[in-house]
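A.B. asks: data-v5.cif is reproduced below (mmCIF, C-alpha atoms and all ligand atoms).
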```
data_upload
#
loop_
_atom_site.label_atom_id
_atom_site.label_comp_id
_atom_site.auth_asym_id
_atom_site.auth_seq_id
_atom_site.Cartn_x
_atom_site.Cartn_y
_atom_site.Cartn_z
CA MET N 1 101.36 109.79 230.55
CA MET N 2 99.10 110.52 227.55
CA CYS N 3 100.97 111.61 224.51
CA GLY N 4 99.84 109.60 221.55
CA ILE N 5 102.47 106.89 221.96
CA ILE N 6 100.64 103.63 222.47
CA PRO N 7 102.35 100.23 222.32
CA PRO N 8 100.63 98.42 219.45
CA ASP N 9 98.64 95.80 221.34
CA GLY N 10 98.31 92.56 219.48
CA LEU N 11 101.04 93.58 217.08
CA GLN N 12 104.18 93.14 219.11
CA SER N 13 105.74 89.78 219.83
CA LYS N 14 106.99 90.98 223.19
CA PRO N 15 106.54 94.20 225.13
CA GLN N 16 109.12 96.78 224.12
CA PRO N 17 110.51 99.29 226.57
CA ILE N 18 109.28 102.56 225.09
CA LYS N 19 110.78 105.63 226.64
CA VAL N 20 107.53 107.56 226.58
CA SER N 21 108.76 110.36 228.82
CA HIS N 22 111.82 110.72 226.59
CA ILE N 23 109.71 110.96 223.47
CA CYS N 24 107.27 113.42 224.96
CA LEU N 25 109.77 116.00 226.11
CA PHE N 26 108.96 118.67 223.56
CA LYS N 27 105.25 119.17 223.60
CA GLU N 28 105.62 122.60 222.01
CA TYR N 29 106.40 120.85 218.71
CA PRO N 30 103.98 122.28 216.11
CA LEU N 31 101.03 120.11 215.18
CA PRO N 32 100.72 119.10 211.51
CA SER N 33 99.57 122.11 209.63
CA VAL N 34 98.01 122.75 206.28
CA GLU N 35 101.51 123.71 205.04
CA ILE N 36 102.88 120.28 205.87
CA LYS N 37 100.07 118.63 203.95
CA LYS N 38 100.53 121.11 201.09
CA ARG N 39 104.09 119.90 200.38
CA PHE N 40 102.70 116.45 199.61
CA GLU N 41 101.03 118.00 196.55
CA THR N 42 103.95 120.05 195.31
CA LYS N 43 106.99 117.81 195.82
CA LEU N 44 107.74 114.83 193.60
CA LYS N 45 109.41 113.25 196.64
CA TYR N 46 105.89 112.41 197.79
CA ALA N 47 104.29 111.61 194.42
CA HIS N 48 104.22 107.86 195.16
CA PHE N 49 102.22 108.44 198.36
CA VAL N 50 99.07 108.73 196.25
CA ARG N 51 99.61 105.27 194.77
CA ILE N 52 100.36 103.70 198.16
CA ARG N 53 97.20 105.18 199.69
CA GLU N 54 95.11 104.07 196.73
CA SER N 55 96.45 100.51 196.98
CA LEU N 56 95.93 100.42 200.76
CA GLN N 57 92.37 101.58 200.29
CA GLN N 58 91.81 98.66 197.94
CA VAL N 59 93.20 96.30 200.59
CA ALA N 60 90.93 97.86 203.22
CA ALA N 61 87.92 97.57 200.90
CA VAL N 62 88.24 93.80 200.73
CA SER N 63 88.33 93.47 204.53
CA PRO N 64 85.01 95.15 205.39
CA GLY N 65 84.15 95.52 209.04
CA SER N 66 87.74 95.46 210.25
CA GLN N 67 90.59 97.92 210.26
CA ILE N 68 93.66 96.84 208.36
CA LYS N 69 96.96 97.06 210.25
CA VAL N 70 99.64 98.97 208.38
CA VAL N 71 103.20 98.95 209.71
CA ASP N 72 105.40 101.89 208.68
CA LEU N 73 109.01 100.81 209.14
CA ALA N 74 111.38 103.71 209.85
CA CYS N 75 108.39 106.01 209.88
CA GLY N 76 110.51 109.14 210.39
CA PRO N 77 108.35 112.18 211.12
CA GLY N 78 105.23 110.26 210.12
CA ASN N 79 104.67 111.55 206.60
CA MET N 80 103.07 108.38 205.23
CA ALA N 81 100.50 107.94 207.99
CA LEU N 82 99.73 111.66 207.95
CA PHE N 83 99.11 111.49 204.22
CA CYS N 84 96.70 108.57 204.69
CA ASP N 85 95.08 110.16 207.74
CA ASP N 86 91.75 110.71 206.00
CA ALA N 87 91.59 107.19 204.54
CA PRO N 88 89.19 105.06 206.59
CA ALA N 89 89.62 101.51 207.89
CA MET N 90 93.36 101.66 208.52
CA GLU N 91 95.35 101.55 211.73
CA TRP N 92 98.92 102.77 211.43
CA PHE N 93 101.84 101.58 213.53
CA GLY N 94 105.28 103.13 213.24
CA LEU N 95 108.74 101.85 214.10
CA GLU N 96 111.64 104.27 214.19
CA LEU N 97 115.05 104.55 215.83
CA TRP N 98 115.66 108.25 216.50
CA PRO N 99 113.53 109.79 219.28
CA ASN N 100 113.33 113.13 217.50
CA GLU N 101 111.60 111.47 214.52
CA LEU N 102 109.33 109.47 216.82
CA ARG N 103 108.30 112.68 218.55
CA GLN N 104 107.28 114.25 215.27
CA ALA N 105 105.44 111.08 214.23
CA ALA N 106 103.56 111.22 217.55
CA ASP N 107 102.61 114.83 216.89
CA THR N 108 100.86 113.88 213.66
CA THR N 109 98.44 111.85 215.84
CA ALA N 110 98.09 109.57 212.81
CA TYR N 111 99.57 106.46 214.47
CA LYS N 112 97.82 104.08 216.78
CA GLY N 113 101.19 102.82 218.01
CA LEU N 114 104.79 103.97 217.82
CA VAL N 115 107.74 101.89 218.91
CA GLN N 116 111.41 102.71 219.14
CA ALA N 117 113.22 99.95 217.25
CA ASN N 118 116.47 99.52 215.39
CA LEU N 119 115.82 97.73 212.10
CA VAL N 120 119.31 96.26 212.06
CA HIS N 121 118.09 93.97 214.85
CA ARG N 122 115.17 91.56 214.88
CA LEU N 123 111.82 93.32 214.87
CA PRO N 124 109.54 93.31 217.91
CA LEU N 125 106.57 92.20 215.80
CA ARG N 126 104.75 88.91 215.84
CA LYS N 127 104.07 86.60 212.91
CA HIS N 128 101.12 87.58 210.67
CA ALA N 129 100.70 90.85 212.58
CA ALA N 130 100.34 93.17 209.58
CA ASP N 131 98.05 93.46 206.57
CA ALA N 132 100.56 95.75 204.91
CA ILE N 133 104.09 96.98 205.51
CA VAL N 134 105.56 100.21 204.15
CA LEU N 135 109.30 100.86 203.78
CA ASN N 136 109.66 104.35 202.47
CA GLU N 137 113.30 105.28 201.82
CA ILE N 138 114.89 102.99 204.39
CA LEU N 139 116.41 99.93 202.71
CA MET N 140 119.35 102.03 201.52
CA TYR N 141 120.55 102.40 205.13
CA LEU N 142 120.43 98.75 206.10
CA GLU N 143 123.13 96.17 205.63
CA ASN N 144 120.67 93.48 206.69
CA SER N 145 118.07 94.38 204.04
CA ALA N 146 117.76 90.81 202.69
CA GLU N 147 117.32 89.33 206.19
CA LEU N 148 114.85 92.08 207.08
CA LEU N 149 112.73 91.33 204.02
CA SER N 150 112.62 87.63 204.96
CA GLU N 151 111.52 88.62 208.45
CA LEU N 152 108.80 90.84 206.96
CA PHE N 153 107.57 87.90 204.93
CA ASP N 154 106.65 86.21 208.24
CA ILE N 155 105.22 89.36 209.82
CA VAL N 156 102.84 90.14 206.98
CA LYS N 157 99.66 88.05 206.73
CA PRO N 158 99.13 85.69 203.79
CA SER N 159 98.08 87.84 200.78
CA GLY N 160 99.40 90.85 202.71
CA MET N 161 101.08 93.73 200.93
CA LEU N 162 104.57 95.19 200.90
CA TYR N 163 105.33 98.71 199.65
CA ILE N 164 108.96 99.61 199.10
CA TYR N 165 110.17 102.95 197.84
CA ASN N 166 113.90 103.24 197.36
CA PRO N 167 116.51 104.97 195.17
CA ILE N 168 117.90 103.01 192.23
CA TYR N 169 121.03 103.60 190.15
CA THR N 170 122.08 102.59 186.66
CA VAL N 171 125.61 101.91 187.91
CA PRO N 172 125.14 101.15 191.63
CA THR N 173 128.71 99.93 192.18
CA LEU N 174 130.06 103.28 191.03
CA PHE N 175 127.91 105.18 193.55
CA SER N 176 128.70 102.69 196.28
CA THR N 177 132.45 103.07 195.66
CA LEU N 178 132.23 106.86 195.54
CA LYS N 179 130.29 106.89 198.81
CA LYS N 180 132.86 104.62 200.49
CA ILE N 181 135.72 106.83 199.30
CA GLY N 182 133.81 109.89 200.47
CA ARG N 183 133.34 108.34 203.91
CA ARG N 184 137.07 107.59 204.18
CA ILE N 185 137.92 111.19 203.38
CA HIS N 186 135.36 112.64 205.72
CA LEU N 187 133.38 110.59 208.17
CA SER N 188 130.67 112.84 209.53
CA ASP N 189 129.67 112.36 213.16
CA GLU N 190 126.14 113.24 212.19
CA ALA N 191 125.53 110.07 210.21
CA VAL N 192 126.00 106.49 211.34
CA ALA N 193 126.83 103.83 208.74
CA PHE N 194 125.16 100.58 209.76
CA ASP N 195 127.73 98.45 207.94
CA SER N 196 130.69 99.44 210.06
CA GLN N 197 129.52 101.37 213.06
CA TYR N 198 126.42 100.85 215.16
CA ASP N 199 126.51 103.47 217.87
CA TRP N 200 123.60 105.48 216.51
CA LYS N 201 123.17 107.50 219.74
CA LYS N 202 126.05 109.77 218.80
CA SER N 203 124.45 110.51 215.42
CA SER N 204 121.28 112.12 214.20
CA ARG N 205 120.75 110.12 211.00
CA ALA N 206 121.89 107.10 209.01
CA SER N 207 124.32 107.07 206.10
CA ARG N 208 123.40 105.39 202.80
CA ILE N 209 125.24 102.11 202.38
CA ASN N 210 123.00 100.09 200.03
CA PHE N 211 122.96 101.02 196.35
CA TYR N 212 120.46 99.12 194.22
CA SER N 213 119.83 98.84 190.53
CA PHE N 214 116.25 98.37 189.36
CA ASP N 215 116.90 94.64 188.98
CA SER N 216 118.77 94.08 192.23
CA LEU N 217 116.00 95.76 194.26
CA VAL N 218 113.26 93.73 192.59
CA THR N 219 115.30 90.50 192.90
CA GLU N 220 115.94 91.04 196.62
CA ILE N 221 112.21 91.45 197.25
CA GLN N 222 111.38 88.36 195.17
CA GLU N 223 114.04 86.31 196.93
CA ALA N 224 112.33 87.02 200.24
CA GLY N 225 109.28 85.22 198.80
CA PHE N 226 107.08 88.13 197.65
CA ASN N 227 105.35 88.36 194.27
CA ILE N 228 105.97 91.64 192.49
CA LEU N 229 102.73 93.32 191.39
CA GLU N 230 103.97 96.68 190.23
CA THR N 231 107.16 98.73 189.75
CA THR N 232 106.63 102.42 189.12
CA GLY N 233 108.84 105.49 188.86
CA PHE N 234 107.69 108.98 189.86
CA ARG N 235 110.71 111.23 189.36
CA ILE N 236 113.91 111.28 187.36
CA PHE N 237 116.08 113.44 189.61
CA ARG N 238 116.32 113.35 193.36
CA ASN N 239 115.84 116.94 194.40
CA ARG N 240 119.39 117.63 195.47
CA ILE N 241 119.96 120.09 192.66
CA ARG N 242 118.45 123.47 193.41
CA LEU N 243 117.18 124.07 189.89
CA MET N 244 115.26 120.79 189.99
CA ARG N 245 113.71 121.75 193.31
CA GLU N 246 112.60 125.06 191.84
CA LEU N 247 111.18 123.37 188.76
CA GLU N 248 109.07 121.12 190.95
CA ASN N 249 107.02 124.17 191.86
CA PHE N 250 105.52 124.03 188.38
CA GLN N 251 102.72 121.61 187.80
CA TRP N 252 103.65 121.09 184.12
CA TYR N 253 107.14 119.96 185.18
CA ARG N 254 105.75 117.56 187.77
CA GLU N 255 103.32 116.05 185.28
CA ILE N 256 105.95 115.60 182.53
CA THR N 257 108.43 114.06 184.99
CA LYS N 258 105.86 111.65 186.43
CA ASN N 259 104.83 110.65 182.92
CA VAL N 260 108.39 109.93 181.80
CA ALA N 261 109.22 108.06 185.03
CA HIS N 262 105.98 106.02 184.84
CA ARG N 263 106.78 104.89 181.32
CA ASN N 264 110.45 104.26 182.02
CA PRO N 265 110.84 103.19 185.66
CA ARG N 266 114.42 102.09 184.97
CA LEU N 267 115.26 105.74 184.30
CA ALA N 268 113.67 106.91 187.53
CA SER N 269 115.79 108.00 190.48
CA ASP N 270 113.62 105.94 192.83
CA ILE N 271 111.00 103.25 192.34
CA LEU N 272 107.94 102.08 194.18
CA VAL N 273 107.70 98.30 194.28
CA ILE N 274 104.33 96.91 195.28
CA ALA N 275 104.55 93.26 196.23
CA ARG N 276 102.28 90.67 197.78
CA LYS N 277 102.89 87.65 199.95
CA PRO N 278 101.45 84.61 198.12
C1 LIG J 301 114.73 109.04 204.52
S1 LIG J 301 113.97 108.88 206.07
C2 LIG J 301 112.38 108.25 205.63
C3 LIG J 301 111.38 108.48 206.72
C4 LIG J 301 109.97 108.00 206.47
N1 LIG J 301 109.91 106.63 206.04
C5 LIG J 301 109.18 108.91 205.56
O1 LIG J 301 108.43 108.39 204.78
O2 LIG J 301 109.29 110.13 205.65
C6 LIG J 301 114.76 107.45 206.77
C7 LIG J 301 114.31 107.14 208.18
O3 LIG J 301 114.87 105.90 208.58
C8 LIG J 301 115.22 106.00 209.94
N2 LIG J 301 116.24 104.96 210.20
C9 LIG J 301 117.47 104.88 209.65
N3 LIG J 301 118.10 103.80 210.09
C10 LIG J 301 117.24 103.17 210.94
C11 LIG J 301 117.32 101.97 211.71
N4 LIG J 301 118.41 101.23 211.72
N5 LIG J 301 116.25 101.60 212.45
C12 LIG J 301 115.12 102.36 212.46
N6 LIG J 301 115.00 103.50 211.76
C13 LIG J 301 116.05 103.91 211.00
C14 LIG J 301 115.74 107.42 210.07
O4 LIG J 301 115.73 107.88 211.38
C15 LIG J 301 114.75 108.18 209.19
O5 LIG J 301 113.64 108.60 209.91
#
```
I'd like the structure from this file rewritten - as structure tokens, please.
C.D. replies:
Amino acid sequence: MMCGIIPPDGLQSKPQPIKVSHICLFKEYPLPSVEIKKRFETKLKYAHFVRIRESLQQVAAVSPGSQIKVVDLACGPGNMALFCDDAPAMEWFGLELWPNELRQAADTTAYKGLVQANLVHRLPLRKHAADAIVLNEILMYLENSAELLSELFDIVKPSGMLYIYNPIYTVPTLFSTLKKIGRRIHLSDEAVAFDSQYDWKKSSRASRINFYSFDSLVTEIQEAGFNILETTGFRIFRNRIRLMRELENFQWYREITKNVAHRNPRLASDILVIARKP
């Protein structure tokens, strides 16, 4: 069946059973429109995409004649690959757990391969398979983040790149405790917490269990063996507060926020860490 889901040949360590028919059920899903691309320009949530694309283009430029392989871990609806769609010399491969997200990623047509995989288990990717790996807003859901990063160190080629975007907190233990208390009071069926419960099929999303500070995130990446090249902030507030969401519609607000977060990444609500395997 043709539907844009192709097992990434030469990337996987062993063939994965991909439920193609399952993923392709809803073909009426809308194709990426101009509106989808428009939100990349107007939401600070996506401000770091520009930097990731720019850096990937630099990687691609030093490998002329071949396409670089970029692995998007927990690709969700495929935002990252869609954003880089017009950048030449890159092949995107996505891994994701929930079929609904995989379906949307397939609809972007931006991926050469999509695989259903649970990142709490070992990855179905072979050693030195990727030129670059992107983890956009995923480490916070994974109890095995340190082990995963060590695994990624083997999967990425020597001198390969790692891009991690994740929330950071000034007092992570406080947020972690509050979240745990919150989960005791009300454990939603919608979200699965991968530190205590693993039956994701009953849920539609993951619950945040990992709370980093600026230093603990950077240290975890370094401890996996990567060299840190860059740490940048792009926004100060995650857009949970309505007023902040509204303000983001104004270019002056976006520019001021990016400026402040760039200069003071420790104050940012999330940071982009660009790292390289030695
Ligand atoms: C905040 S979203 C980010 C999505 C995507 N990276 C993007 O840039 O839009 C987190 C994603 O991680 C996926 N996810 C959460 N836990 C996962 C797991 N254990 N294995 C694979 N994917 C997972 C979710 O389904 C969701 O699509």
A.B. asks: Using only C-alpha atoms and all ligand atoms, which residues of the polymer chains come no farther than 6 Å from ligand LIG 301 (chain J)? I'd like the answer as number ranges by chain.
C.D. replies: N: 74-77, 79-80, 96-98, 101, 117-120, 136-138, 141, 205-206
A.B. asks: Once you have the residues from the selection above, write them out as an mmCIF file, in the coordinates of the input, restricted to C-alpha atoms.
C.D. replies:
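The file below, again_29.cif, is the result:
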```
data_model
loop_
_atom_site.group_PDB
_atom_site.id
_atom_site.type_symbol
_atom_site.label_atom_id
_atom_site.label_comp_id
_atom_site.auth_asym_id
_atom_site.auth_seq_id
_atom_site.Cartn_x
_atom_site.Cartn_y
_atom_site.Cartn_z
ATOM 1 C CA ALA N 74 111.380 103.710 209.850
ATOM 2 C CA CYS N 75 108.390 106.010 209.880
ATOM 3 C CA GLY N 76 110.510 109.140 210.390
ATOM 4 C CA PRO N 77 108.350 112.180 211.120
ATOM 5 C CA ASN N 79 104.670 111.550 206.600
ATOM 6 C CA MET N 80 103.070 108.380 205.230
ATOM 7 C CA GLU N 96 111.640 104.270 214.190
ATOM 8 C CA LEU N 97 115.050 104.550 215.830
ATOM 9 C CA TRP N 98 115.660 108.250 216.500
ATOM 10 C CA GLU N 101 111.600 111.470 214.520
ATOM 11 C CA ALA N 117 113.220 99.950 217.250
ATOM 12 C CA ASN N 118 116.470 99.520 215.390
ATOM 13 C CA LEU N 119 115.820 97.730 212.100
ATOM 14 C CA VAL N 120 119.310 96.260 212.060
ATOM 15 C CA ASN N 136 109.660 104.350 202.470
ATOM 16 C CA GLU N 137 113.300 105.280 201.820
ATOM 17 C CA ILE N 138 114.890 102.990 204.390
ATOM 18 C CA TYR N 141 120.550 102.400 205.130
ATOM 19 C CA ARG N 205 120.750 110.120 211.000
ATOM 20 C CA ALA N 206 121.890 107.100 209.010
#
```
A.B. asks: Give me, as a Markdown table, each residue of stretch 55-84 of chain N that comes within 12 Å of stretch 267-277 of chain N, together with its shortest interatomic pair and the distance in Å at one decimal, counting all atoms listed in the file, with rows ordered by chain and rising residue number.
C.D. replies:
```
| residue | atom | partner | partner_atom | distance |
| --- | --- | --- | --- | --- |
| N:Ser55 | CA | N:Ile274 | CA | 8.8 |
| N:Leu56 | CA | N:Ile274 | CA | 10.6 |
| N:Val59 | CA | N:Arg276 | CA | 11.0 |
```
A.B. asks: Would you mind reading off the distance between atom CA of N:His186 and atom CA of N:Ile209, one decimal, in Å?
C.D. replies: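 Result for atom CA of N:His186 versus atom CA of N:Ile209: 15.0 Å, one decimal.
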A.B. asks: Quick one: pull the distance between atom CA of N:Ser150 and atom CA of N:Leu125, Å, one decimal.
C.D. replies: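 Rounded to one decimal, the two atoms are 13.2 Å apart.
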A.B. asks: Under the rule that all atoms listed in the file are counted, which of N:Asp86, N:Lys69, N:Ile164, N:Lys157 is the nearest residue to N:Glu220?
C.D. replies: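 Of N:Asp86, N:Lys69, N:Ile164, N:Lys157, the one nearest N:Glu220 is N:Ile164, counting all atoms listed in the file.
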A.B. asks: Atom CA of N:Thr231 to atom CA of N:Arg126: how many Å, to one decimal?
C.D. replies: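 Pair atom CA of N:Thr231 / atom CA of N:Arg126 returns 28.0 Å.
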A.B. asks: Would you list the contacts of stretch 256-265 of chain N as a PyMOL selection string, taking every protein, DNA or RNA residue within 12 Å and counting only C-alpha atoms, but skipping same-chain residues closer than 5 positions in sequence?
C.D. replies: chain N and resi 43-48+51+167-170+213-215+218+230-238+244+247-248+250-251+270-273
A.B. asks: Check the smallest atom-to-atom distance from each of N:Leu102, N:Cys84, N:Tyr163, N:Ser63 to N:Leu139 using all atoms listed in the file, then report the winner.
C.D. replies: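 Answer, going by the shortest atom-to-atom distance: N:Tyr163.
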A.B. asks: Report as a short mmCIF file (atom, residue, chain, number, x, y, z; two decimals) with C-alpha atoms, in the frame of the given file all protein, DNA and RNA residues lying within 7 Å of N:Ile155, evaluated on all atoms listed in the file, omitting residues in the same chain fewer than 2 positions from it.
C.D. replies:
```cif
data_model
loop_
_atom_site.label_atom_id
_atom_site.label_comp_id
_atom_site.auth_asym_id
_atom_site.auth_seq_id
_atom_site.Cartn_x
_atom_site.Cartn_y
_atom_site.Cartn_z
CA LEU N 125 106.57 92.20 215.80
CA ARG N 126 104.75 88.91 215.84
CA LYS N 127 104.07 86.60 212.91
CA HIS N 128 101.12 87.58 210.67
CA ALA N 129 100.70 90.85 212.58
CA ALA N 130 100.34 93.17 209.58
CA GLU N 151 111.52 88.62 208.45
CA LEU N 152 108.80 90.84 206.96
CA PHE N 153 107.57 87.90 204.93
CA LYS N 157 99.66 88.05 206.73
#
```
A.B. asks: Looking at N:Glu143, N:Asp72, N:Asp107, N:Asp131, which one is nearest to N:Ala89, with distances taken over all atoms listed in the file?
C.D. replies: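 So, comparing all the options, the nearest one is N:Asp131.
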A.B. asks: Taking all atoms of stretch 54-58 of chain N that the file lists, what box with edges along x, y and z, padded by 4 Å per side, do you get, with centre and edge lengths in Å to one decimal, as JSON?
C.D. replies:
```
{"center_x": 94.1, "center_y": 101.4, "center_z": 198.7, "size_x": 12.6, "size_y": 13.4, "size_z": 12.0}
```
A.B. asks: From the set N:Val156, N:Ala87, N:Ala224, N:Ala193, which residue has the shortest atom-to-atom contact distance to N:Glu54, counting only C-alpha atoms?
C.D. replies: N:Ala87
A.B. asks: Mind listing whatever residues come within 10 Å of the point (86.3, 104.6, 206.2)? Use only C-alpha atoms, file coordinates, and give them as a list in words.
C.D. replies: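 Protein, DNA and RNA residues close to (86.3, 104.6, 206.2): Gln57, Ala60, Ala61, Pro64, Gly65, Gln67, Asp86, Ala87, Pro88, Ala89 and Met90 of chain N.
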A.B. asks: For N:Asp85, find every residue with an atom within 10 Å (counting only C-alpha atoms), except residues of its own chain fewer than 5 positions away, and show them as a VMD selection string.
C.D. replies: chain N and resid 53 79 to 80 90 to 92 108 to 111
A.B. asks: Which residue is closest to N:Leu114? Choose from N:Gly160, N:Ile133, N:Glu246, N:Gly78 and count all atoms listed in the file.
C.D. replies: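 Once distances to N:Leu114 are computed over all atoms listed in the file, the minimum belongs to N:Gly78.
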A.B. asks: Compare N:Leu95, N:Ala106, N:Leu217, N:Ala191 by their minimum atom-to-atom distance to N:Leu82, counting only C-alpha atoms, and give me the closest one.
C.D. replies: N:Ala106
